[in-house]
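Chemist: Okay, here's the structure, questions in a sec.
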Amino acid sequence: MKPLAVSVGMAAIELYDRPDCPYSKRVRRMLDVLEVDYEEIVVPESKADRDELESITGQRGVPVLVDDDHPDGWLADSADISTYLKDTYRS
């Protein structure tokens, strides 16, 4: 099953997530509060079907924020993602 992509504004970053994941919800909320444009990529419910995510990060868990401006290119922990977003995008 191919991930579903939903663009929010003109995406500079990508968020791999699940709509039912509380950690993903926390990151989406932070992106919205900071008014950061992003592309939401909803991954399949089954971790076994998350090959695209694993090819980028080496893991299958969500949320994952992909941002070319980040030194590693991506972050995978909701607390780390929120801290990064606040430090990088807060005006």
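Just so we're on the same page: first chain in the structure tokens is A, next is B, and so on; residues restart at 1 for each chain, and ligands are numbered from 1 in the order they show up.
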List every residue of chain A that DSSP, applied to the backbone, labels as strand (DSSP E), and write the result as a ChimeraX atom specification.

Modeler: /A:4-8,13-17,38-42,64-66,74-75

Chemist: For A:Lys25, list every protein, DNA or RNA residue within 12 Å, evaluated using only C-alpha atoms, and leave out those in the same chain fewer than 4 positions away; present the list as a list in words.

Modeler: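 Final neighbour list, sorted by chain and number: Leu15, Tyr16, Asp17, Arg18, Pro19, Asp20, Cys21, Arg29, Met30, Leu31, Asp32, Glu40, Val42, Val62, Pro63, Val64, Ser78, Ala79, Ile81 and Ser82 of chain A.
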
Chemist: Taking only C-alpha atoms into account, which of A:Asp37, A:Pro44, A:Leu75, A:Arg26 comes nearest A:Ile56?

Modeler: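 Smallest separation from A:Ile56 among the options: A:Leu75.
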
Chemist: Would you please extract all alpha helix (DSSP H) residues from stretch 1-90 of chain A, as assigned by DSSP on the backbone, and give them as a PyMOL selection string?

Modeler: chain A and resi 22-33+51-57+78-89

Chemist: Near A:Arg60, within 9 Å and counting only C-alpha atoms, which residues show up once chain neighbours fewer than 6 positions away are dropped, as a PyMOL selection string?

Modeler: chain A and resi 47-54

Chemist: Determine the nearest neighbour of A:Arg90 from the options A:Asp72, A:Val27, A:Glu35, A:Asp67, counting only C-alpha atoms.

Modeler: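 So, comparing all the options, the nearest one is A:Glu35.
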
Chemist: Record the distance separating atom CA of A:Val36 and atom CA of A:Lys86, expressed in Å with one decimal.

Modeler: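 Atom-to-atom, atom CA of A:Val36 to atom CA of A:Lys86, that is 10.4 Å.
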
Chemist: Restricting the calculation to only C-alpha atoms, which member of A:Asp68, A:Ala76, A:Gly58, A:Tyr84 is positioned closest to A:Ile13?

Modeler: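 For A:Ile13, the nearest of the given residues is A:Asp68.
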
Chemist: Given the choices A:Tyr38, A:Leu85, A:Ser55, A:Asp77, which gets closest to A:Glu14 if the distance is worked out from only C-alpha atoms?

Modeler: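 When distances to A:Glu14 are compared using only C-alpha atoms, the smallest one comes from A:Tyr38.
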
Chemist: Figure out the distance between atom CA of A:Tyr89 and atom CA of A:Leu34, please, to one decimal in Å.

Modeler: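 Those two atoms sit 6.7 Å apart.
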
Chemist: Which is closest to A:Thr57 among A:Ser91, A:Asp80, A:Ser24, A:Gly73, if we use only C-alpha atoms?

Modeler: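 Checking each of A:Ser91, A:Asp80, A:Ser24, A:Gly73 against A:Thr57, counting only C-alpha atoms, the winner is A:Gly73.
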